>>> print(open('final25.txt').read())   # compact mmCIF, C-alpha atoms
# COMPACT_ATOMS: atom_id res chain seq x y z
CA MET A 1 -20.90 32.29 -32.45
CA ASN A 2 -17.68 31.27 -33.96
CA ILE A 3 -15.92 27.99 -33.70
CA SER A 4 -12.37 28.28 -34.81
CA ASN A 5 -9.79 25.62 -35.20
CA VAL A 6 -6.59 26.96 -33.73
CA ASN A 7 -4.82 23.93 -34.97
CA ASN A 8 -5.82 20.39 -35.70
CA ASN A 9 -5.78 19.30 -32.11
CA ASP A 10 -6.97 22.34 -30.22
CA VAL A 11 -10.53 23.53 -30.50
CA SER A 12 -11.50 26.78 -28.86
CA ILE A 13 -14.93 28.37 -28.84
CA ILE A 14 -15.31 32.12 -28.95
CA PHE A 15 -18.71 33.59 -28.22
CA ASN A 16 -19.29 37.36 -28.29
CA GLY A 17 -15.56 37.82 -28.16
CA LYS A 18 -15.26 35.76 -24.98
CA LYS A 19 -13.58 32.43 -24.85
CA ILE A 20 -15.89 29.72 -23.58
CA THR A 21 -14.17 27.11 -21.54
CA ASP A 22 -17.17 25.19 -20.28
CA ILE A 23 -19.52 23.76 -22.80
CA PRO A 24 -23.12 24.85 -22.16
CA GLU A 25 -25.46 22.06 -21.16
CA ASP A 26 -27.77 22.39 -24.16
CA LEU A 27 -25.08 22.77 -26.79
CA PHE A 28 -24.78 20.18 -29.50
CA ILE A 29 -21.22 18.94 -29.39
CA PRO A 30 -19.63 19.48 -32.77
CA PRO A 31 -17.62 16.52 -33.95
CA GLU A 32 -14.43 18.58 -33.86
CA ALA A 33 -14.79 18.95 -30.13
CA LEU A 34 -15.40 15.28 -29.70
CA ARG A 35 -11.74 14.47 -29.91
CA VAL A 36 -11.10 16.54 -26.82
CA ILE A 37 -14.07 15.19 -24.98
CA ILE A 38 -13.71 11.55 -25.87
CA GLU A 39 -10.50 11.33 -23.93
CA GLN A 40 -12.45 12.03 -20.79
CA PHE A 41 -14.60 8.97 -21.20
CA GLU A 42 -13.70 5.84 -19.38
CA GLY A 43 -15.26 3.56 -21.98
CA PRO A 44 -18.44 2.91 -23.91
CA LEU A 45 -20.61 2.77 -20.78
CA ASP A 46 -19.29 6.13 -19.69
CA LEU A 47 -19.98 7.62 -23.12
CA LEU A 48 -23.49 6.15 -23.17
CA LEU A 49 -24.24 7.55 -19.73
CA TYR A 50 -23.05 10.92 -20.92
CA LEU A 51 -25.31 10.80 -23.98
CA ILE A 52 -28.27 9.78 -21.85
CA LYS A 53 -27.66 12.50 -19.26
CA LYS A 54 -27.37 15.12 -22.00
CA GLN A 55 -30.94 14.42 -22.91
CA ASN A 56 -32.11 14.48 -19.32
CA ILE A 57 -33.65 11.05 -19.52
CA ASP A 58 -33.86 8.44 -16.84
CA VAL A 59 -31.48 5.56 -17.41
CA VAL A 60 -34.30 3.13 -16.72
CA ASP A 61 -36.13 4.32 -19.81
CA ILE A 62 -33.56 4.75 -22.53
CA PRO A 63 -35.03 5.71 -25.90
CA ILE A 64 -32.90 3.12 -27.60
CA LEU A 65 -33.40 4.39 -31.15
CA PRO A 66 -32.10 7.96 -30.83
CA ILE A 67 -29.38 6.94 -28.40
CA THR A 68 -28.17 4.19 -30.71
CA ASN A 69 -28.17 6.56 -33.64
CA GLN A 70 -26.21 9.13 -31.70
CA TYR A 71 -23.76 6.59 -30.41
CA VAL A 72 -23.14 5.14 -33.87
CA GLU A 73 -22.84 8.64 -35.29
CA TYR A 74 -20.13 9.44 -32.77
CA ILE A 75 -18.35 6.18 -33.42
CA ASN A 76 -18.38 6.85 -37.16
CA MET A 77 -17.00 10.31 -36.65
CA MET A 78 -14.31 9.01 -34.43
CA GLN A 79 -13.34 6.51 -37.10
CA GLN A 80 -13.32 9.16 -39.81
CA MET A 81 -10.96 11.16 -37.64
CA GLN A 82 -8.82 8.05 -37.48
CA PHE A 83 -9.24 8.08 -33.78
CA GLU A 84 -7.91 4.78 -32.62
CA LEU A 85 -10.97 3.15 -31.18
CA ALA A 86 -10.84 0.62 -28.46
CA SER A 87 -12.72 -2.46 -29.60
CA ASP A 88 -14.92 -2.10 -26.52
CA TYR A 89 -16.63 0.86 -28.20
CA LEU A 90 -17.46 -1.25 -31.25
CA VAL A 91 -18.80 -4.08 -29.11
CA MET A 92 -21.18 -1.60 -27.49
CA ALA A 93 -22.28 -0.35 -30.91
CA SER A 94 -23.23 -3.85 -31.95
CA THR A 95 -24.99 -4.45 -28.63
CA LEU A 96 -27.05 -1.32 -29.17
CA ALA A 97 -27.84 -2.33 -32.74
CA GLU A 98 -28.98 -5.72 -31.55
CA ILE A 99 -31.25 -4.25 -28.89
CA LYS A 100 -32.65 -1.82 -31.42
CA SER A 101 -33.50 -4.56 -33.90
CA ARG A 102 -35.05 -6.73 -31.22
CA MET A 103 -37.27 -3.85 -30.22
CA LEU A 104 -38.34 -3.20 -33.79
CA VAL A 105 -39.22 -6.78 -34.58
CA PRO A 106 -42.73 -7.50 -33.30
CA ASN A 107 -42.84 -10.17 -30.69
CA GLU A 108 -44.12 -13.20 -32.52
CA VAL A 109 -44.30 -15.46 -29.56
CA GLU A 110 -47.15 -14.58 -27.29
CA ASP A 111 -45.10 -14.29 -24.20
CA ASP A 112 -45.84 -11.47 -21.85
CA GLU A 113 -42.93 -12.46 -19.67
CA GLU A 114 -40.51 -11.62 -22.49
CA GLU A 115 -37.77 -9.51 -21.05
CA ASP A 116 -37.26 -5.96 -22.17
CA PRO A 117 -34.32 -6.20 -24.60
CA ARG A 118 -32.87 -3.16 -22.90
CA ALA A 119 -32.94 -4.69 -19.43
CA ASN A 120 -29.44 -6.08 -19.46
CA LEU A 121 -27.92 -2.89 -20.80
CA ILE A 122 -29.80 -0.78 -18.28
CA LYS A 123 -28.57 -3.04 -15.50
CA ARG A 124 -25.00 -2.64 -16.66
CA LEU A 125 -25.34 1.11 -16.99
CA MET A 126 -26.72 1.39 -13.49
CA GLU A 127 -24.04 -0.87 -12.10
CA TYR A 128 -21.39 1.22 -13.78
CA GLN A 129 -23.01 4.43 -12.58
CA LYS A 130 -22.92 3.07 -9.04
CA TYR A 131 -19.17 2.45 -9.10
CA LYS A 132 -18.50 5.69 -10.94
CA ASP A 133 -20.25 7.55 -8.12
CA LEU A 134 -18.39 5.53 -5.51
CA SER A 135 -15.06 6.26 -7.12
CA GLU A 136 -15.84 9.96 -6.92
CA GLN A 137 -16.72 9.53 -3.26
CA LEU A 138 -13.53 7.60 -2.63
CA ASP A 139 -11.63 10.49 -4.14
CA GLU A 140 -13.20 12.73 -1.50
CA ILE A 141 -12.17 10.59 1.46
CA PRO A 142 -9.36 12.22 3.44
CA ARG A 143 -6.23 10.64 2.16
CA LEU A 144 -2.74 10.44 3.56
CA ASN A 145 -0.32 13.08 2.38
CA ARG A 146 -3.10 15.00 0.70
CA ASP A 147 -5.53 15.75 3.51
CA THR A 148 -3.89 14.28 6.56
CA PHE A 149 -0.33 13.68 7.50
CA ILE A 150 1.19 11.17 9.85
CA VAL A 151 3.02 12.66 12.81
CA SER A 152 6.34 11.04 12.16
CA LYS A 153 9.24 13.40 12.52
CA ILE A 154 9.43 13.32 16.29
CA PHE A 155 12.94 13.26 17.63
CA THR A 156 13.37 10.95 20.53
CA ASN A 157 16.41 10.82 22.74
CA ILE A 158 15.58 7.35 23.86
CA GLU A 159 18.77 5.37 23.59
CA LYS A 160 18.53 2.79 20.94
CA LYS A 161 19.53 -0.65 22.07
CA GLU A 162 22.81 -1.41 20.47
CA TYR A 163 22.93 -4.59 18.51
CA LEU A 164 26.50 -5.63 17.95
CA PRO A 165 27.30 -7.13 14.60
CA SER A 166 27.41 -10.87 14.60
CA ILE A 167 30.58 -12.49 13.49
CA ASP A 168 30.72 -14.71 10.50
CA LEU A 169 32.19 -18.08 11.30
CA GLN A 170 34.52 -17.63 8.36
CA GLU A 171 36.05 -14.55 9.94
CA LEU A 172 36.65 -16.37 13.17
CA GLU A 173 38.33 -19.12 11.24
CA ASN A 174 40.49 -16.64 9.35
CA ALA A 175 41.62 -15.12 12.60
CA PHE A 176 42.39 -18.59 13.85
CA GLN A 177 44.42 -19.36 10.73
CA GLU A 178 46.44 -16.22 11.36
CA VAL A 179 47.16 -17.31 14.88
CA LEU A 180 48.09 -20.76 13.61
CA LYS A 181 50.59 -19.23 11.20
CA ARG A 182 52.27 -17.41 14.02
CA ALA A 183 52.31 -20.60 15.98
CA GLU A 184 54.16 -22.22 13.08
CA ILE A 185 57.15 -20.08 13.97
CA PHE A 186 57.44 -21.99 17.18
CA ALA A 187 56.62 -25.30 15.56
CA SER A 188 59.97 -26.79 16.29
CA HIS A 189 59.51 -26.38 20.01
CA GLU A 190 58.86 -29.55 21.82
CA ILE A 191 56.09 -28.94 24.24
CA GLN A 192 56.49 -31.09 27.25
CA THR A 193 53.74 -29.74 29.40
CA GLU A 194 50.97 -31.91 30.63
CA THR A 195 47.97 -32.24 28.32
CA LEU A 196 46.15 -28.95 28.14
CA SER A 197 42.63 -29.00 29.36
CA VAL A 198 40.02 -27.12 27.42
CA ARG A 199 37.96 -26.61 30.53
CA GLU A 200 40.91 -25.20 32.35
CA ARG A 201 41.63 -22.81 29.51
CA MET A 202 38.00 -21.72 29.56
CA SER A 203 38.29 -20.80 33.21
CA LEU A 204 41.50 -18.96 32.55
CA ILE A 205 40.06 -16.84 29.78
CA LEU A 206 36.90 -16.22 31.75
CA ASP A 207 39.00 -15.11 34.66
CA ILE A 208 40.95 -12.60 32.57
CA ILE A 209 37.74 -11.28 31.11
CA ASN A 210 36.12 -10.94 34.49
CA LYS A 211 39.07 -8.96 35.75
CA ASN A 212 39.69 -6.78 32.73
CA GLY A 213 36.24 -6.77 31.16
CA THR A 214 37.65 -7.57 27.75
CA ILE A 215 40.51 -9.29 26.01
CA LYS A 216 41.79 -9.25 22.48
CA PHE A 217 41.13 -12.48 20.66
CA ILE A 218 44.77 -12.82 19.62
CA ASP A 219 46.03 -12.16 23.15
CA CYS A 220 44.35 -15.33 24.38
CA PHE A 221 46.98 -17.41 22.69
CA THR A 222 50.34 -18.31 24.09
CA TYR A 223 52.39 -19.12 21.06
CA GLU A 224 54.98 -21.06 22.98
CA GLU A 225 52.35 -23.71 23.51
CA GLY A 226 52.43 -24.49 19.84
CA ARG A 227 49.66 -25.86 17.70
CA MET A 228 48.17 -27.89 20.49
CA GLY A 229 47.91 -24.88 22.78
CA VAL A 230 46.34 -22.80 20.06
CA ILE A 231 43.73 -25.44 19.37
CA VAL A 232 42.87 -25.84 23.02
CA THR A 233 42.51 -22.10 23.45
CA PHE A 234 40.35 -21.82 20.35
CA LEU A 235 38.13 -24.66 21.51
CA ALA A 236 37.87 -23.01 24.90
CA ILE A 237 36.72 -19.75 23.32
CA LEU A 238 34.15 -21.53 21.21
CA GLU A 239 32.94 -23.46 24.20
CA LEU A 240 32.62 -20.30 26.30
CA SER A 241 30.65 -18.66 23.54
CA LYS A 242 28.45 -21.72 23.13
CA GLU A 243 27.69 -21.75 26.81
CA SER A 244 26.83 -18.05 26.61
CA LEU A 245 29.50 -17.11 29.09
CA ILE A 246 31.25 -14.57 26.86
CA ASP A 247 30.49 -12.37 23.88
CA ILE A 248 32.67 -12.36 20.82
CA VAL A 249 32.61 -8.87 19.35
CA GLN A 250 33.96 -7.31 16.22
CA ASN A 251 33.00 -3.70 15.62
CA GLN A 252 33.82 -3.63 11.96
CA ASP A 253 34.66 -6.07 9.26
CA TYR A 254 38.30 -7.14 9.46
CA SER A 255 38.89 -5.21 12.67
CA MET A 256 40.20 -6.63 15.94
CA ILE A 257 38.05 -9.28 17.57
CA TYR A 258 37.46 -8.92 21.29
CA LEU A 259 36.12 -11.28 23.90
CA GLN A 260 34.06 -9.69 26.59
CA SER A 261 31.87 -10.65 29.44
CA LEU A 262 28.27 -11.19 28.58
CA LYS A 263 26.20 -8.07 28.99
CA SER A 264 23.18 -8.83 31.01
CA MET B 1 -2.61 -0.82 38.49
CA SER B 2 -0.05 1.90 38.71
CA TYR B 3 2.94 2.84 36.63
CA SER B 4 5.65 5.36 37.30
CA LYS B 5 4.13 7.51 34.54
CA PRO B 6 0.47 8.11 33.67
CA LEU B 7 -0.88 5.50 31.25
CA ASN B 8 -2.12 8.07 28.74
CA LEU B 9 1.29 9.73 28.56
CA ILE B 10 3.03 6.40 28.06
CA ILE B 11 0.69 5.70 25.15
CA GLU B 12 1.19 9.19 23.78
CA GLY B 13 4.96 8.78 23.87
CA ALA B 14 4.80 5.39 22.21
CA LEU B 15 2.56 6.68 19.41
CA LEU B 16 4.85 9.65 18.84
CA ALA B 17 7.94 7.51 18.67
CA SER B 18 6.47 4.66 16.63
CA GLU B 19 6.93 4.51 12.90
CA HIS B 20 3.90 2.30 12.42
CA PRO B 21 0.37 2.38 13.75
CA LEU B 22 0.06 0.56 17.07
CA SER B 23 -2.77 -1.86 17.74
CA LEU B 24 -4.34 -2.27 21.16
CA GLN B 25 -2.29 -5.44 21.48
CA ASP B 26 0.92 -3.62 20.52
CA ILE B 27 0.25 -1.04 23.22
CA ALA B 28 -0.54 -3.69 25.83
CA ASN B 29 2.72 -5.44 24.93
CA LEU B 30 4.68 -2.34 25.97
CA PHE B 31 4.07 -3.41 29.55
CA ASP B 32 5.92 -6.37 30.99
CA ASN B 33 3.47 -7.13 33.71
CA ASP B 34 0.34 -5.50 34.93
CA LYS B 35 -0.74 -5.00 31.31
CA PRO B 36 -3.53 -2.45 30.93
CA SER B 37 -6.78 -3.82 29.53
CA LYS B 38 -7.96 -2.87 26.06
CA ASN B 39 -10.70 -0.88 27.66
CA GLU B 40 -8.23 1.13 29.73
CA ILE B 41 -6.07 1.82 26.69
CA GLN B 42 -9.08 2.95 24.70
CA LYS B 43 -10.11 5.25 27.55
CA ALA B 44 -6.61 6.71 27.77
CA ILE B 45 -6.63 7.40 24.04
CA ASP B 46 -10.04 9.05 24.27
CA MET B 47 -8.69 11.22 27.06
CA LEU B 48 -5.67 12.19 24.98
CA ASN B 49 -7.88 13.08 22.03
CA SER B 50 -10.06 15.31 24.16
CA ASN B 51 -6.86 17.02 25.36
CA TYR B 52 -5.96 17.61 21.72
CA ALA B 53 -9.08 19.66 21.07
CA ASN B 54 -6.95 22.78 20.75
CA HIS B 55 -4.17 21.09 18.83
CA SER B 56 -3.57 20.40 15.17
CA PHE B 57 -3.15 16.67 15.66
CA GLU B 58 -5.14 13.72 16.91
CA ILE B 59 -5.00 9.98 17.39
CA VAL B 60 -6.85 8.10 14.68
CA ASN B 61 -7.81 4.45 14.61
CA VAL B 62 -7.08 2.94 11.20
CA ALA B 63 -6.94 -0.66 10.02
CA SER B 64 -3.44 -1.34 11.34
CA GLY B 65 -4.04 0.38 14.66
CA PHE B 66 -3.74 3.80 16.25
CA ARG B 67 -1.56 6.52 14.83
CA MET B 68 -0.92 10.16 15.48
CA GLN B 69 -1.77 12.40 12.57
CA VAL B 70 -2.37 16.00 11.63
CA LYS B 71 -6.05 16.89 11.58
CA LYS B 72 -7.83 17.64 8.32
CA GLY B 73 -7.64 21.18 7.00
CA TYR B 74 -3.93 21.89 7.22
CA ASP B 75 -3.07 20.50 3.81
CA ASP B 76 -2.79 23.98 2.22
CA TRP B 77 0.30 24.66 4.27
CA ILE B 78 1.71 21.24 4.97
CA SER B 79 1.63 20.13 1.34
CA LYS B 80 4.25 22.81 0.65
CA LEU B 81 6.69 20.89 2.81
CA ASN B 82 6.78 18.03 0.36
CA LYS B 83 7.59 19.41 -3.01
CA GLN B 84 6.14 16.50 -4.90
CA SER B 85 2.69 17.35 -6.18
CA SER B 86 -0.07 15.83 -4.15
CA THR B 87 -1.17 12.54 -5.55
CA ARG B 88 -3.97 12.57 -8.06
CA TYR B 89 -5.31 9.38 -9.48
CA SER B 90 -6.96 8.90 -12.84
CA LYS B 91 -10.64 8.10 -13.10
CA ALA B 92 -9.73 4.69 -14.43
CA PHE B 93 -7.53 4.09 -11.39
CA LEU B 94 -10.20 5.14 -8.91
CA GLU B 95 -12.97 3.20 -10.63
CA THR B 96 -10.86 0.06 -10.72
CA LEU B 97 -9.88 0.49 -7.09
CA VAL B 98 -13.44 1.08 -5.95
CA ILE B 99 -14.68 -2.03 -7.74
CA ILE B 100 -11.98 -4.13 -6.07
CA ALA B 101 -12.78 -2.59 -2.69
CA TYR B 102 -16.54 -3.15 -2.88
CA LYS B 103 -16.74 -6.39 -4.83
CA GLN B 104 -13.67 -8.19 -3.52
CA PRO B 105 -12.49 -10.74 -4.18
CA VAL B 106 -12.83 -9.95 -7.87
CA THR B 107 -11.15 -11.05 -11.06
CA ARG B 108 -10.00 -8.72 -13.80
CA GLY B 109 -12.93 -10.07 -15.81
CA ASP B 110 -15.38 -8.86 -13.16
CA ILE B 111 -13.85 -5.38 -13.34
CA GLU B 112 -14.04 -5.35 -17.12
CA GLU B 113 -17.64 -6.47 -16.98
CA ILE B 114 -18.60 -3.48 -14.87
CA ARG B 115 -16.46 -0.83 -16.50
CA GLY B 116 -17.05 -2.02 -20.07
CA VAL B 117 -13.37 -1.61 -20.95
CA SER B 118 -10.38 -3.82 -20.58
CA VAL B 119 -8.35 -3.42 -17.40
CA ASN B 120 -5.13 -1.49 -17.78
CA PRO B 121 -2.50 -3.93 -16.46
CA GLN B 122 -0.29 -1.03 -15.35
CA ILE B 123 -3.00 0.14 -12.97
CA ILE B 124 -3.20 -3.27 -11.31
CA ARG B 125 0.59 -3.44 -11.16
CA ASN B 126 0.75 -0.05 -9.46
CA MET B 127 -1.86 -1.01 -6.90
CA ILE B 128 0.00 -4.19 -6.06
CA GLU B 129 3.23 -2.17 -5.81
CA PHE B 130 1.55 0.26 -3.40
CA GLU B 131 0.45 -2.83 -1.47
CA TRP B 132 -3.12 -1.60 -1.68
CA ILE B 133 -4.32 -4.81 -3.25
CA LYS B 134 -3.06 -8.34 -3.34
CA VAL B 135 -3.84 -11.63 -5.01
CA VAL B 136 -5.79 -13.68 -2.49
CA GLY B 137 -6.36 -16.74 -4.61
CA HIS B 138 -7.46 -18.05 -7.94
CA LYS B 139 -10.97 -18.58 -9.19
CA GLU B 140 -11.79 -22.17 -10.04
CA THR B 141 -12.78 -21.33 -13.60
CA PRO B 142 -10.92 -21.97 -16.84
CA GLY B 143 -7.72 -19.94 -16.86
CA LYS B 144 -7.75 -19.76 -13.04
CA PRO B 145 -7.91 -15.95 -12.97
CA GLU B 146 -6.40 -14.16 -9.99
CA LEU B 147 -8.75 -12.98 -7.28
CA LEU B 148 -7.90 -9.47 -6.12
CA ALA B 149 -8.65 -7.94 -2.73
CA THR B 150 -7.68 -4.79 -0.85
CA THR B 151 -5.18 -4.75 2.02
CA LYS B 152 -4.86 -3.00 5.39
CA LYS B 153 -2.50 -0.52 3.76
CA PHE B 154 -5.29 0.60 1.47
CA LEU B 155 -7.52 1.26 4.47
CA ASP B 156 -4.68 3.03 6.30
CA TYR B 157 -4.13 5.29 3.33
CA PHE B 158 -7.75 6.36 3.24
CA ASN B 159 -8.00 6.73 7.02
CA LEU B 160 -10.41 3.85 7.27
CA LYS B 161 -10.69 1.32 10.04
CA SER B 162 -12.47 -1.33 8.02
CA LEU B 163 -14.15 -1.79 4.67
CA SER B 164 -17.48 -1.08 6.31
CA ASP B 165 -16.29 2.51 6.77
CA LEU B 166 -16.37 3.04 3.02
CA PRO B 167 -19.27 5.17 1.80
CA PRO B 168 -22.33 2.96 1.39
CA PRO B 169 -23.21 2.34 -2.25
CA ALA B 170 -26.34 4.04 -3.50
CA ASP B 171 -28.93 1.35 -3.94
CA LEU B 172 -29.62 1.52 -7.63
CA GLU B 173 -30.49 -2.13 -8.08
CA ILE B 174 -33.60 -2.66 -10.08
CA SER B 175 -35.89 -5.36 -8.94
>>> encode(input="final25.txt", output="structure tokens")
Amino acid sequence: MNISNVNNNDVSIIFNGKKITDIPEDLFIPPEALRVIIEQFEGPLDLLLYLIKKQNIDVVDIPILPITNQYVEYINMMQQMQFELASDYLVMASTLAEIKSRMLVPNEVEDDEEEDPRANLIKRLMEYQKYKDLSEQLDEIPRLNRDTFIVSKIFTNIEKKEYLPSIDLQELENAFQEVLKRAEIFASHEIQTETLSVRERMSLILDIINKNGTIKFIDCFTYEEGRMGVIVTFLAILELSKESLIDIVQNQDYSMIYLQSLKS
Amino acid sequence: MSYSKPLNLIIEGALLASEHPLSLQDIANLFDNDKPSKNEIQKAIDMLNSNYANHSFEIVNVASGFRMQVKKGYDDWISKLNKQSSTRYSKAFLETLVIIAYKQPVTRGDIEEIRGVSVNPQIIRNMIEFEWIKVVGHKETPGKPELLATTKKFLDYFNLKSLSDLPPPADLEIS
């Protein structure tokens, strides 16, 4: 039997020329190996359970003296190795020491109902054991993308309903401003026509749309009508849209705006 | 009750095309009128599953509803499709998760009490990011600690329909 330190961190055990990877059940763990093993523990309770199981004792009947000694021995070794100890390990050491001393001191008060000083620790160990077991069972449950996979890459040729982009009010206004600017060119014209009716303009636009299916937003405007005409037309378009008689559509940002009949 | 296609095939198509699990209600809502009853839907799904006896997939009922998935036992091959190594979780992660699942709603303090070590905040953060757990409230004790509970997504991930499908805890309580 030969325990050789390959380097400070790695410990390998060679027995009869063969490398031992699993530590035999009955083997005393040399402190050098502890460093490797300690990283596998999930905390003081886990370490305690390990120490107890190594001795094949029932948790319910922990021999507190040897276990405490072992635990403290390990803690001391860990500290000598300058292993950075979580304070939780030290708390457990003091708990064990306290239980040990309470068990050594004879019970002065004649009280048969006095609780076993170990009771609380045993309860915690068993509680921890329970969840440790459950976590191992949870790990076994078939899990997505490890054991089962969702059927998800089905190609469907079902036509997706097309949702046309909604138009920002600002964009509509910008388009209107552009139309207004063009109307400015004809600003000097004196329009003598009778007052334009918004309702009438609505019918007109609706009529064009019904015949042609669609009309360019800018084509709705007759620039000769001047500012007044532009405003009436714009109001008519807004009114038509508000009454859900037409759709205002723009396929891309900044592209041409179209008016079209409402798709049913 | 009659549709232009068989009910079970309509459900099959919907499950294949859906990106999310479909509940009985979701399936019923596919029909405008003459909605099939929950019983009829369940029967249709049972029929589909018996048809899938010689297939690699099946319909499974998880917390969020029904979904189509590959049966167990094909992971050796399928896992090669996704290059990322299959997810492994640390013992600390699993222990923390299991305590939340079984003792919910719990505080971090409750978890620390059981595990005997302080809770790694990164683990909790990850679980919340996965949407496996969420904060369901605050305990009315000093510091108002957060109460943590598992979500439907957690159940979906582990192929569970409800928390009661989790393995029953071994009864180690001492009297």
>>> residues_around(input="final25.txt", residues="stretch 47-58 of chain B", least_positions_apart="2", cutoff="8 Å", atoms="all atoms listed in the file", output="PyMOL selection string")
(chain A and resi 151) or (chain B and resi 8+12+43-45+60+68-71)
>>> write_last_selection(input="final25.txt", atoms="C-alpha atoms", output="compact mmCIF listing (two decimals), in the frame of the given file")
# COMPACT_ATOMS: atom_id res chain seq x y z
CA VAL A 151 3.02 12.66 12.81
CA ASN B 8 -2.12 8.07 28.74
CA GLU B 12 1.19 9.19 23.78
CA LYS B 43 -10.11 5.25 27.55
CA ALA B 44 -6.61 6.71 27.77
CA ILE B 45 -6.63 7.40 24.04
CA VAL B 60 -6.85 8.10 14.68
CA MET B 68 -0.92 10.16 15.48
CA GLN B 69 -1.77 12.40 12.57
CA VAL B 70 -2.37 16.00 11.63
CA LYS B 71 -6.05 16.89 11.58
>>> interface_residues(input="final25.txt", of="chain B", to="chain A", cutoff="9 Å", atoms="all atoms listed in the file", output="JSON, numbers by chain")
{"B": [15, 16, 17, 18, 19, 57, 67, 68, 69, 70, 71, 72, 73, 74, 75, 76, 78, 79, 82, 86, 87, 88, 89, 91, 92, 93, 94, 95, 96, 97, 98, 99, 102, 113, 114, 115, 116, 117, 118, 156, 157, 158, 159, 166, 167, 168, 169, 170, 171, 172, 173, 174]}
>>> atom_distance(input="final25.txt", atom1="atom CA of A:Met103", atom2="atom CA of A:Leu51")
19.9 Å
>>> build_atoms(input="final25.txt", residues="stretch 45-59 of chain B", atoms="N, CA and C atoms", output="mmCIF file, in the frame of the given file")
data_model
loop_
_atom_site.group_PDB
_atom_site.id
_atom_site.type_symbol
_atom_site.label_atom_id
_atom_site.label_comp_id
_atom_site.auth_asym_id
_atom_site.auth_seq_id
_atom_site.Cartn_x
_atom_site.Cartn_y
_atom_site.Cartn_z
ATOM 1 N N ILE B 45 -6.734 6.757 25.349
ATOM 2 C CA ILE B 45 -6.630 7.400 24.040
ATOM 3 C C ILE B 45 -7.745 8.439 23.868
ATOM 4 N N ASP B 46 -8.935 8.090 24.332
ATOM 5 C CA ASP B 46 -10.040 9.050 24.270
ATOM 6 C C ASP B 46 -9.696 10.303 25.060
ATOM 7 N N MET B 47 -9.061 10.073 26.215
ATOM 8 C CA MET B 47 -8.690 11.220 27.060
ATOM 9 C C MET B 47 -7.661 12.090 26.340
ATOM 10 N N LEU B 48 -6.684 11.439 25.732
ATOM 11 C CA LEU B 48 -5.670 12.190 24.980
ATOM 12 C C LEU B 48 -6.327 13.007 23.880
ATOM 13 N N ASN B 49 -7.239 12.377 23.142
ATOM 14 C CA ASN B 49 -7.880 13.080 22.030
ATOM 15 C C ASN B 49 -8.677 14.283 22.514
ATOM 16 N N SER B 50 -9.314 14.144 23.684
ATOM 17 C CA SER B 50 -10.060 15.310 24.160
ATOM 18 C C SER B 50 -9.085 16.413 24.600
ATOM 19 N N ASN B 51 -7.886 16.008 25.040
ATOM 20 C CA ASN B 51 -6.860 17.020 25.360
ATOM 21 C C ASN B 51 -6.357 17.731 24.102
ATOM 22 N N TYR B 52 -6.487 17.048 22.957
ATOM 23 C CA TYR B 52 -5.960 17.610 21.720
ATOM 24 C C TYR B 52 -6.956 18.533 21.033
ATOM 25 N N ALA B 53 -8.047 18.835 21.698
ATOM 26 C CA ALA B 53 -9.080 19.660 21.070
ATOM 27 C C ALA B 53 -8.497 20.952 20.509
ATOM 28 N N ASN B 54 -7.544 21.519 21.212
ATOM 29 C CA ASN B 54 -6.950 22.780 20.750
ATOM 30 C C ASN B 54 -5.602 22.564 20.078
ATOM 31 N N HIS B 55 -5.424 21.373 19.530
ATOM 32 C CA HIS B 55 -4.170 21.090 18.830
ATOM 33 C C HIS B 55 -4.461 20.721 17.383
ATOM 34 N N SER B 56 -3.400 20.678 16.596
ATOM 35 C CA SER B 56 -3.570 20.400 15.170
ATOM 36 C C SER B 56 -3.507 18.907 14.882
ATOM 37 N N PHE B 57 -3.291 18.106 15.913
ATOM 38 C CA PHE B 57 -3.150 16.670 15.660
ATOM 39 C C PHE B 57 -4.111 15.869 16.517
ATOM 40 N N GLU B 58 -4.220 14.603 16.195
ATOM 41 C CA GLU B 58 -5.140 13.720 16.910
ATOM 42 C C GLU B 58 -4.686 12.279 16.733
ATOM 43 N N ILE B 59 -5.276 11.412 17.546
ATOM 44 C CA ILE B 59 -5.000 9.980 17.390
ATOM 45 C C ILE B 59 -6.156 9.369 16.614
#
